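Have a look at model-v1.txt below; it lists compact mmCIF, N, CA and C atoms and all ligand atoms.
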# COMPACT_ATOMS: atom_id res chain seq x y z
N MET P 14 119.64 98.99 81.86
CA MET P 14 118.96 98.39 83.02
C MET P 14 117.44 98.53 82.83
N SER P 15 116.74 97.45 82.96
CA SER P 15 115.29 97.53 82.82
C SER P 15 114.69 98.19 84.05
N TYR P 16 113.48 98.70 83.87
CA TYR P 16 112.85 99.46 84.95
C TYR P 16 112.64 98.62 86.19
N GLU P 17 112.36 97.33 86.00
CA GLU P 17 112.11 96.46 87.14
C GLU P 17 113.27 96.47 88.12
N TYR P 18 114.49 96.61 87.59
CA TYR P 18 115.66 96.52 88.46
C TYR P 18 116.23 97.89 88.78
N SER P 19 115.47 98.94 88.47
CA SER P 19 115.97 100.27 88.79
C SER P 19 115.66 100.60 90.25
N TYR P 20 116.50 101.45 90.81
CA TYR P 20 116.37 101.87 92.20
C TYR P 20 115.04 102.58 92.42
N ALA P 21 114.66 103.46 91.49
CA ALA P 21 113.42 104.23 91.63
C ALA P 21 112.21 103.31 91.69
N GLN P 22 112.25 102.25 90.88
CA GLN P 22 111.14 101.30 90.87
C GLN P 22 111.02 100.58 92.21
N ILE P 23 112.16 100.16 92.77
CA ILE P 23 112.14 99.46 94.06
C ILE P 23 111.59 100.39 95.15
N CYS P 24 112.05 101.64 95.16
CA CYS P 24 111.56 102.60 96.16
C CYS P 24 110.06 102.78 96.05
N ALA P 25 109.56 102.98 94.83
CA ALA P 25 108.13 103.20 94.61
C ALA P 25 107.33 101.97 95.03
N GLN P 26 107.85 100.80 94.68
CA GLN P 26 107.19 99.53 94.98
C GLN P 26 107.08 99.32 96.49
N VAL P 27 108.17 99.55 97.21
CA VAL P 27 108.19 99.34 98.66
C VAL P 27 107.30 100.38 99.35
N ASN P 28 107.44 101.64 98.96
CA ASN P 28 106.66 102.69 99.63
C ASN P 28 105.15 102.46 99.45
N ALA P 29 104.76 102.07 98.24
CA ALA P 29 103.33 101.87 97.95
C ALA P 29 102.74 100.74 98.77
N ALA P 30 103.56 99.74 99.11
CA ALA P 30 103.05 98.56 99.82
C ALA P 30 103.11 98.73 101.34
N LEU P 31 103.66 99.85 101.81
CA LEU P 31 103.74 100.07 103.26
C LEU P 31 102.38 100.44 103.82
N ASP P 32 102.16 100.08 105.09
CA ASP P 32 100.95 100.45 105.81
C ASP P 32 101.37 101.48 106.87
N VAL P 33 100.74 102.64 106.90
CA VAL P 33 101.20 103.72 107.79
C VAL P 33 101.24 103.28 109.26
N ARG P 34 100.24 102.50 109.70
CA ARG P 34 100.24 102.08 111.10
C ARG P 34 101.39 101.13 111.39
N ARG P 35 101.68 100.23 110.42
CA ARG P 35 102.79 99.30 110.60
C ARG P 35 104.14 100.03 110.57
N VAL P 36 104.21 101.10 109.78
CA VAL P 36 105.44 101.89 109.73
C VAL P 36 105.71 102.54 111.08
N VAL P 37 104.65 103.08 111.70
CA VAL P 37 104.80 103.71 113.01
C VAL P 37 105.24 102.66 114.04
N GLU P 38 104.66 101.47 113.98
CA GLU P 38 105.07 100.38 114.89
C GLU P 38 106.51 99.98 114.62
N TYR P 39 106.87 99.92 113.34
CA TYR P 39 108.22 99.52 112.95
C TYR P 39 109.25 100.51 113.50
N ILE P 40 108.95 101.80 113.40
CA ILE P 40 109.87 102.82 113.92
C ILE P 40 109.89 102.76 115.45
N GLY P 41 108.70 102.51 116.05
CA GLY P 41 108.64 102.25 117.48
C GLY P 41 108.74 103.48 118.37
N TRP P 42 108.22 104.62 117.90
CA TRP P 42 108.24 105.83 118.72
C TRP P 42 106.81 106.22 119.10
N GLU P 43 106.47 106.13 120.41
CA GLU P 43 105.14 106.57 120.89
C GLU P 43 104.02 105.99 120.03
N THR P 44 104.10 104.70 119.77
CA THR P 44 103.17 104.07 118.82
C THR P 44 101.72 104.13 119.29
N GLU P 45 101.51 104.09 120.61
CA GLU P 45 100.15 104.06 121.14
C GLU P 45 99.45 105.41 121.03
N LYS P 46 100.20 106.46 120.65
CA LYS P 46 99.61 107.80 120.54
C LYS P 46 99.03 108.07 119.14
N LEU P 47 99.21 107.13 118.23
CA LEU P 47 98.72 107.32 116.86
C LEU P 47 97.19 107.32 116.83
N VAL P 48 96.59 108.32 116.22
CA VAL P 48 95.14 108.39 116.12
C VAL P 48 94.72 108.68 114.68
N ARG P 49 93.52 108.21 114.34
CA ARG P 49 92.99 108.50 113.03
C ARG P 49 92.21 109.82 113.10
N SER P 50 92.36 110.66 112.07
CA SER P 50 91.63 111.92 112.01
C SER P 50 91.13 112.11 110.58
N GLY P 51 89.92 111.65 110.32
CA GLY P 51 89.40 111.71 108.96
C GLY P 51 90.18 110.78 108.05
N ASP P 52 90.74 111.34 107.00
CA ASP P 52 91.47 110.53 106.03
C ASP P 52 92.93 110.31 106.42
N ILE P 53 93.40 110.99 107.45
CA ILE P 53 94.82 110.88 107.79
C ILE P 53 95.01 110.34 109.21
N TYR P 54 96.26 110.06 109.54
CA TYR P 54 96.63 109.66 110.91
C TYR P 54 97.51 110.75 111.50
N LEU P 55 97.36 110.96 112.80
CA LEU P 55 98.19 111.93 113.51
C LEU P 55 98.98 111.20 114.59
N GLY P 56 100.24 111.56 114.74
CA GLY P 56 101.05 110.89 115.74
C GLY P 56 102.21 111.74 116.21
N MET P 57 103.00 111.15 117.12
CA MET P 57 104.20 111.80 117.64
C MET P 57 105.33 111.61 116.64
N CYS P 58 106.01 112.70 116.31
CA CYS P 58 107.06 112.61 115.28
C CYS P 58 108.31 111.92 115.83
N PRO P 59 108.73 110.82 115.18
CA PRO P 59 109.92 110.10 115.65
C PRO P 59 111.22 110.78 115.22
N ILE P 60 111.13 111.74 114.29
CA ILE P 60 112.36 112.38 113.80
C ILE P 60 112.89 113.36 114.84
N HIS P 61 112.02 114.23 115.34
CA HIS P 61 112.49 115.18 116.36
C HIS P 61 112.08 114.73 117.78
N HIS P 62 111.65 113.46 117.89
CA HIS P 62 111.34 112.85 119.20
C HIS P 62 110.28 113.64 119.97
N GLU P 63 109.17 113.91 119.28
CA GLU P 63 108.05 114.63 119.89
C GLU P 63 107.36 113.76 120.94
N LYS P 64 107.01 114.37 122.07
CA LYS P 64 106.29 113.64 123.12
C LYS P 64 104.99 114.32 123.54
N MET P 65 104.81 115.59 123.13
CA MET P 65 103.66 116.36 123.61
C MET P 65 102.56 116.51 122.56
N PHE P 66 102.95 116.83 121.34
CA PHE P 66 101.95 117.19 120.32
C PHE P 66 102.01 116.27 119.11
N ARG P 67 100.84 116.03 118.54
CA ARG P 67 100.78 115.18 117.34
C ARG P 67 101.08 116.03 116.11
N THR P 68 102.36 116.29 115.90
CA THR P 68 102.78 117.11 114.76
C THR P 68 102.93 116.28 113.49
N LEU P 69 102.95 114.96 113.65
CA LEU P 69 103.18 114.07 112.51
C LEU P 69 101.87 113.74 111.81
N GLU P 70 101.79 114.07 110.52
CA GLU P 70 100.62 113.73 109.72
C GLU P 70 101.01 112.63 108.72
N LEU P 71 100.22 111.56 108.74
CA LEU P 71 100.48 110.44 107.83
C LEU P 71 99.28 110.27 106.92
N ASN P 72 99.53 110.23 105.61
CA ASN P 72 98.44 110.08 104.64
C ASN P 72 98.49 108.69 104.02
N PRO P 73 97.54 107.83 104.40
CA PRO P 73 97.55 106.45 103.88
C PRO P 73 97.16 106.36 102.41
N ARG P 74 96.56 107.42 101.87
CA ARG P 74 96.12 107.36 100.47
C ARG P 74 97.31 107.31 99.52
N ASN P 75 98.31 108.14 99.79
CA ASN P 75 99.49 108.12 98.91
C ASN P 75 100.77 107.77 99.66
N ASN P 76 100.62 107.29 100.92
CA ASN P 76 101.77 106.89 101.74
C ASN P 76 102.84 107.97 101.84
N THR P 77 102.36 109.14 102.26
CA THR P 77 103.27 110.26 102.50
C THR P 77 103.13 110.72 103.95
N TYR P 78 104.02 111.57 104.38
CA TYR P 78 103.97 112.11 105.73
C TYR P 78 104.48 113.55 105.71
N GLU P 79 104.17 114.26 106.78
CA GLU P 79 104.77 115.58 106.97
C GLU P 79 104.72 115.89 108.46
N CYS P 80 105.81 116.45 109.00
CA CYS P 80 105.81 116.91 110.39
C CYS P 80 105.58 118.42 110.37
N LYS P 81 104.62 118.87 111.18
CA LYS P 81 104.25 120.28 111.18
C LYS P 81 105.19 121.14 112.03
N HIS P 82 106.14 120.51 112.71
CA HIS P 82 107.11 121.26 113.51
C HIS P 82 108.10 121.93 112.55
N VAL P 83 108.17 123.28 112.60
CA VAL P 83 108.95 124.00 111.58
C VAL P 83 110.44 123.70 111.65
N ASN P 84 110.94 123.32 112.82
CA ASN P 84 112.38 123.05 112.93
C ASN P 84 112.73 121.58 112.71
N CYS P 85 111.75 120.78 112.31
CA CYS P 85 112.01 119.35 112.11
C CYS P 85 112.48 119.08 110.68
N PRO P 86 113.46 118.18 110.50
CA PRO P 86 113.89 117.80 109.14
C PRO P 86 112.75 117.19 108.31
N GLY P 87 111.68 116.76 108.99
CA GLY P 87 110.54 116.18 108.28
C GLY P 87 109.47 117.20 107.95
N ASN P 88 109.80 118.49 108.02
CA ASN P 88 108.82 119.57 107.82
C ASN P 88 108.59 119.88 106.34
N ALA P 89 108.38 118.85 105.55
CA ALA P 89 108.03 118.98 104.13
C ALA P 89 107.46 117.64 103.70
N PRO P 90 106.41 117.66 102.88
CA PRO P 90 105.79 116.39 102.50
C PRO P 90 106.78 115.47 101.78
N SER P 91 106.79 114.21 102.20
CA SER P 91 107.65 113.22 101.55
C SER P 91 107.06 111.84 101.76
N ASP P 92 107.70 110.82 101.18
CA ASP P 92 107.12 109.48 101.31
C ASP P 92 107.52 108.82 102.63
N LEU P 93 106.87 107.70 102.92
CA LEU P 93 107.10 107.03 104.21
C LEU P 93 108.54 106.53 104.33
N LEU P 94 109.17 106.19 103.21
CA LEU P 94 110.56 105.76 103.26
C LEU P 94 111.44 106.85 103.85
N ASP P 95 111.14 108.10 103.47
CA ASP P 95 111.90 109.24 103.98
C ASP P 95 111.73 109.37 105.50
N LEU P 96 110.52 109.09 105.98
CA LEU P 96 110.27 109.14 107.42
C LEU P 96 111.15 108.10 108.14
N ILE P 97 111.25 106.91 107.57
CA ILE P 97 112.05 105.86 108.21
C ILE P 97 113.54 106.20 108.12
N VAL P 98 113.96 106.73 106.98
CA VAL P 98 115.37 107.13 106.81
C VAL P 98 115.74 108.19 107.86
N LYS P 99 114.90 109.21 107.99
CA LYS P 99 115.23 110.31 108.90
C LYS P 99 115.10 109.91 110.37
N SER P 100 114.23 108.93 110.67
CA SER P 100 114.08 108.46 112.04
C SER P 100 115.23 107.53 112.44
N SER P 101 115.65 106.71 111.50
CA SER P 101 116.65 105.68 111.83
C SER P 101 118.07 106.16 111.57
N ARG P 102 118.21 107.25 110.80
CA ARG P 102 119.53 107.75 110.39
C ARG P 102 120.33 106.69 109.65
N LYS P 103 119.61 105.82 108.95
CA LYS P 103 120.25 104.84 108.09
C LYS P 103 120.10 105.31 106.64
N SER P 104 120.93 104.73 105.75
CA SER P 104 120.82 105.09 104.34
C SER P 104 119.56 104.47 103.75
N LEU P 105 119.09 105.04 102.65
CA LEU P 105 117.88 104.51 102.01
C LEU P 105 118.04 103.05 101.58
N PRO P 106 119.17 102.65 100.96
CA PRO P 106 119.30 101.23 100.62
C PRO P 106 119.21 100.31 101.84
N GLU P 107 119.80 100.73 102.96
CA GLU P 107 119.73 99.92 104.18
C GLU P 107 118.30 99.82 104.69
N VAL P 108 117.57 100.95 104.64
CA VAL P 108 116.18 100.96 105.08
C VAL P 108 115.35 100.01 104.21
N LEU P 109 115.56 100.06 102.90
CA LEU P 109 114.81 99.18 101.99
C LEU P 109 115.09 97.71 102.29
N LEU P 110 116.36 97.38 102.48
CA LEU P 110 116.72 95.98 102.75
C LEU P 110 116.18 95.54 104.11
N ASN P 111 116.28 96.40 105.12
CA ASN P 111 115.76 96.06 106.45
C ASN P 111 114.25 95.84 106.42
N LEU P 112 113.53 96.69 105.67
CA LEU P 112 112.08 96.53 105.56
C LEU P 112 111.73 95.20 104.89
N ALA P 113 112.47 94.89 103.82
CA ALA P 113 112.22 93.64 103.09
C ALA P 113 112.47 92.44 103.99
N ASN P 114 113.51 92.53 104.80
CA ASN P 114 113.82 91.42 105.71
C ASN P 114 112.82 91.35 106.86
N HIS P 115 112.34 92.50 107.30
CA HIS P 115 111.42 92.55 108.44
C HIS P 115 110.02 92.05 108.06
N PHE P 116 109.47 92.60 106.97
CA PHE P 116 108.11 92.25 106.57
C PHE P 116 108.08 91.09 105.56
N GLY P 117 109.23 90.78 104.99
CA GLY P 117 109.31 89.73 103.97
C GLY P 117 109.24 90.33 102.58
N PRO P 118 110.11 89.85 101.65
CA PRO P 118 110.14 90.40 100.29
C PRO P 118 108.79 90.31 99.57
N ASP P 119 107.99 89.28 99.90
CA ASP P 119 106.70 89.10 99.24
C ASP P 119 105.75 90.24 99.52
N GLN P 120 105.86 90.82 100.70
CA GLN P 120 105.00 91.96 101.09
C GLN P 120 105.12 93.09 100.07
N PHE P 121 106.32 93.24 99.50
CA PHE P 121 106.59 94.32 98.55
C PHE P 121 106.71 93.80 97.11
N ARG P 122 106.41 92.53 96.92
CA ARG P 122 106.54 91.88 95.62
C ARG P 122 107.95 92.08 95.05
N LEU P 123 108.94 91.97 95.90
CA LEU P 123 110.33 92.11 95.46
C LEU P 123 110.84 90.76 94.95
N THR P 124 111.42 90.79 93.76
CA THR P 124 111.96 89.56 93.19
C THR P 124 113.35 89.28 93.78
N ASP P 125 113.86 88.07 93.54
CA ASP P 125 115.20 87.72 94.01
C ASP P 125 116.24 88.67 93.43
N ARG P 126 116.03 89.02 92.14
CA ARG P 126 116.97 89.93 91.48
C ARG P 126 116.97 91.30 92.17
N GLN P 127 115.80 91.77 92.52
CA GLN P 127 115.69 93.07 93.19
C GLN P 127 116.34 93.02 94.58
N MET P 128 116.18 91.89 95.28
CA MET P 128 116.80 91.74 96.60
C MET P 128 118.33 91.73 96.47
N GLU P 129 118.83 91.05 95.44
CA GLU P 129 120.28 91.05 95.20
C GLU P 129 120.78 92.46 94.90
N PHE P 130 120.01 93.16 94.08
CA PHE P 130 120.34 94.54 93.72
C PHE P 130 120.45 95.41 94.98
N LEU P 131 119.47 95.24 95.89
CA LEU P 131 119.46 96.01 97.14
C LEU P 131 120.66 95.67 98.01
N ALA P 132 120.96 94.37 98.12
CA ALA P 132 122.10 93.94 98.93
C ALA P 132 123.39 94.53 98.39
N ASP P 133 123.52 94.57 97.05
CA ASP P 133 124.71 95.18 96.42
C ASP P 133 124.80 96.66 96.77
N LEU P 134 123.67 97.34 96.71
CA LEU P 134 123.65 98.78 97.04
C LEU P 134 124.10 99.02 98.47
N VAL P 135 123.58 98.19 99.39
CA VAL P 135 123.94 98.35 100.81
C VAL P 135 125.44 98.15 100.99
N ASN P 136 126.00 97.14 100.29
CA ASN P 136 127.45 96.92 100.38
C ASN P 136 128.23 98.11 99.86
N GLN P 137 127.74 98.70 98.76
CA GLN P 137 128.42 99.87 98.20
C GLN P 137 128.39 101.05 99.18
N VAL P 138 127.22 101.24 99.83
CA VAL P 138 127.10 102.33 100.80
C VAL P 138 128.07 102.12 101.96
N ARG P 139 128.16 100.86 102.46
CA ARG P 139 129.04 100.57 103.59
C ARG P 139 130.49 100.78 103.22
N GLU P 140 130.86 100.35 102.00
CA GLU P 140 132.24 100.56 101.56
C GLU P 140 132.57 102.04 101.49
N TYR P 141 131.61 102.80 100.98
CA TYR P 141 131.79 104.25 100.87
C TYR P 141 131.96 104.86 102.26
N GLU P 142 131.08 104.45 103.21
CA GLU P 142 131.13 105.00 104.56
C GLU P 142 132.43 104.62 105.26
N ASN P 143 132.88 103.39 105.06
CA ASN P 143 134.14 102.96 105.67
C ASN P 143 135.30 103.78 105.13
N ALA P 144 135.25 104.08 103.83
CA ALA P 144 136.31 104.88 103.22
C ALA P 144 136.31 106.29 103.80
N GLN P 145 135.09 106.83 104.08
CA GLN P 145 134.99 108.16 104.67
C GLN P 145 135.50 108.17 106.11
N ASP P 146 135.23 107.05 106.83
CA ASP P 146 135.62 106.97 108.24
C ASP P 146 137.12 106.88 108.42
N ALA P 147 137.79 106.29 107.42
CA ALA P 147 139.23 106.09 107.56
C ALA P 147 139.95 107.43 107.47
N SER P 148 140.38 107.92 108.60
CA SER P 148 141.08 109.20 108.63
C SER P 148 142.55 108.99 108.31
N PRO P 149 143.25 110.05 107.88
CA PRO P 149 144.67 109.92 107.55
C PRO P 149 145.49 109.38 108.73
N ASP P 150 145.09 109.71 109.95
CA ASP P 150 145.85 109.27 111.14
C ASP P 150 145.84 107.75 111.28
N THR P 151 144.63 107.15 111.09
CA THR P 151 144.54 105.72 111.28
C THR P 151 145.17 104.97 110.11
N GLN P 152 145.27 105.64 108.95
CA GLN P 152 145.87 104.97 107.80
C GLN P 152 147.39 104.95 107.89
N ALA P 153 147.96 105.96 108.57
CA ALA P 153 149.44 106.01 108.68
C ALA P 153 149.95 104.87 109.53
N SER P 154 151.01 104.22 109.06
CA SER P 154 151.54 103.09 109.84
C SER P 154 152.95 103.40 110.32
ZN ZN P 201 109.18 116.20 113.45
Can I see the file as structure tokens?
Amino acid sequence: MSYEYSYAQICAQVNAALDVRRVVEYIGWETEKLVRSGDIYLGMCPIHHEKMFRTLELNPRNNTYECKHVNCPGNAPSDLLDLIVKSSRKSLPEVLLNLANHFGPDQFRLTDRQMEFLADLVNQVREYENAQDASPDTQAS
């Protein structure tokens, strides 16, 4: 598999093209509370549903985030895709496909082949989840 069609490449490509303010709007949690503070943005964390303190730090330079709340799953530096995954509780392939559909594949310079690859991944995740959901009781006839 060439690098262009690898999962890691798609993740890096999408994350790099994201805009931190648009990501906060996309997630839709306390969007009006987002403020700029020097080189970073501070906001309400959508993962642990913060309403009082700006524990969420967003770095537009490398498109990473970290929540300063010690009990939050986002309490370690990671990329913006991880913020969306943990906020939406969707799988990473689903998040990537939803972002591409929401902002348009061109925004992330995703080719048709890459979009097909993502759609295949999402189908695989759903098949896997459906298989996990099927309990022995419902399978018995
Ligand atoms: Zn948090």
Just give me the gap between atom C of Phe121 (chain P) and atom N of Thr77 (chain P) in Å, one decimal is fine.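 Computing the Euclidean distance for atom C of Phe121 (chain P) and atom N of Thr77 (chain P) yields 16.8 Å.
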So the first atom is CA of Gln22 (chain P) and the second is CA of Ile60 (chain P); what is the distance between them in Å, to one decimal place? 25.5 Å
For Phe66 (chain P): contacts at 6.5 Å, only N, CA and C atoms, fewer than 6 positions along chain excluded, given as an MDAnalysis selection string: chainID P and resid 56:58
As a quick test: using only N, CA and C atoms and all ligand atoms, which residues lie no more than 6 Å away from ligand ZN 201 (chain P)? Give them as a list of chain:residue names.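 Selection of residues at most 6 Å from ligand ZN 201 (chain P): P:Cys58, P:Pro59, P:Ile60, P:His61, P:His62, P:Cys80, P:Lys81, P:His82, P:Cys85, P:Pro86, P:Gly87, P:Asn88.
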If you keep N, CA and C atoms, can you produce a file of those selected residues as a PDB file, in the frame of the given file?
ATOM      1  N   CYS P  58     106.010 112.700 116.310  1.00  0.00           N
ATOM      2  CA  CYS P  58     107.060 112.610 115.280  1.00  0.00           C
ATOM      3  C   CYS P  58     108.310 111.920 115.830  1.00  0.00           C
ATOM      4  N   PRO P  59     108.730 110.820 115.180  1.00  0.00           N
ATOM      5  CA  PRO P  59     109.920 110.100 115.650  1.00  0.00           C
ATOM      6  C   PRO P  59     111.220 110.780 115.220  1.00  0.00           C
ATOM      7  N   ILE P  60     111.130 111.740 114.290  1.00  0.00           N
ATOM      8  CA  ILE P  60     112.360 112.380 113.800  1.00  0.00           C
ATOM      9  C   ILE P  60     112.890 113.360 114.840  1.00  0.00           C
ATOM     10  N   HIS P  61     112.020 114.230 115.340  1.00  0.00           N
ATOM     11  CA  HIS P  61     112.490 115.180 116.360  1.00  0.00           C
ATOM     12  C   HIS P  61     112.080 114.730 117.780  1.00  0.00           C
ATOM     13  N   HIS P  62     111.650 113.460 117.890  1.00  0.00           N
ATOM     14  CA  HIS P  62     111.340 112.850 119.200  1.00  0.00           C
ATOM     15  C   HIS P  62     110.280 113.640 119.970  1.00  0.00           C
ATOM     16  N   CYS P  80     105.810 116.450 109.000  1.00  0.00           N
ATOM     17  CA  CYS P  80     105.810 116.910 110.390  1.00  0.00           C
ATOM     18  C   CYS P  80     105.580 118.420 110.370  1.00  0.00           C
ATOM     19  N   LYS P  81     104.620 118.870 111.180  1.00  0.00           N
ATOM     20  CA  LYS P  81     104.250 120.280 111.180  1.00  0.00           C
ATOM     21  C   LYS P  81     105.190 121.140 112.030  1.00  0.00           C
ATOM     22  N   HIS P  82     106.140 120.510 112.710  1.00  0.00           N
ATOM     23  CA  HIS P  82     107.110 121.260 113.510  1.00  0.00           C
ATOM     24  C   HIS P  82     108.100 121.930 112.550  1.00  0.00           C
ATOM     25  N   CYS P  85     111.750 120.780 112.310  1.00  0.00           N
ATOM     26  CA  CYS P  85     112.010 119.350 112.110  1.00  0.00           C
ATOM     27  C   CYS P  85     112.480 119.080 110.680  1.00  0.00           C
ATOM     28  N   PRO P  86     113.460 118.180 110.500  1.00  0.00           N
ATOM     29  CA  PRO P  86     113.890 117.800 109.140  1.00  0.00           C
ATOM     30  C   PRO P  86     112.750 117.190 108.310  1.00  0.00           C
ATOM     31  N   GLY P  87     111.680 116.760 108.990  1.00  0.00           N
ATOM     32  CA  GLY P  87     110.540 116.180 108.280  1.00  0.00           C
ATOM     33  C   GLY P  87     109.470 117.200 107.950  1.00  0.00           C
ATOM     34  N   ASN P  88     109.800 118.490 108.020  1.00  0.00           N
ATOM     35  CA  ASN P  88     108.820 119.570 107.820  1.00  0.00           C
ATOM     36  C   ASN P  88     108.590 119.880 106.340  1.00  0.00           C
TER      37      ASN P  88
END
For a test of reading the model, state the distance in Å between atom C of Gly117 (chain P) and atom N of Val37 (chain P), rounded to one decimal.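 Computing the Euclidean distance for atom C of Gly117 (chain P) and atom N of Val37 (chain P) yields 16.3 Å.
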As a PyMOL selection string, which residues of chain P does DSSP assign to alpha helix (DSSP H)? chain P and resi 20-30+33-40+93-101+105-116+125-146+149-152
May I ask which of the residues P:Arg139, P:Lys103, P:Arg126, P:Arg74 is the closest one to Asp52 (chain P), counting all atoms listed in the file? P:Arg74
To test the calculation: enclose all listed atoms of region 40-47 of chain P in a box whose edges run along x, y and z, add 3 Å on each side, then state centre and edge lengths in Å to one decimal, as AutoDock Vina command-line options.
--center_x 103.5 --center_y 104.9 --center_z 117.3 --size_x 18.7 --size_y 12.3 --size_z 13.7
May I ask which of the residues P:Leu94, P:Ala147, P:Val138, P:Phe130 is the closest one to Cys24 (chain P), counting only C-alpha atoms? P:Leu94
If you run DSSP on this backbone, which residues of region 65-143 of chain P come out as strand (DSSP E or B), and could you give them as a PyMOL selection string? chain P and resi 69-72+77-80+91-92
Looking at P:Glu129, P:Val83, P:Leu112, P:Tyr54, which one is nearest to Leu69 (chain P), with distances taken over only C-alpha atoms?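 Looking only at the distances to Leu69 (chain P), the closest residue turns out to be P:Tyr54.
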Taking (114.8, 99.0, 97.7) in the file's coordinates as the center, which residues reach within 6.5 Å of it, counting all atoms listed in the file, put as a VMD selection string? chain P and resid 20 23 to 24 105 to 106 109 to 110 131
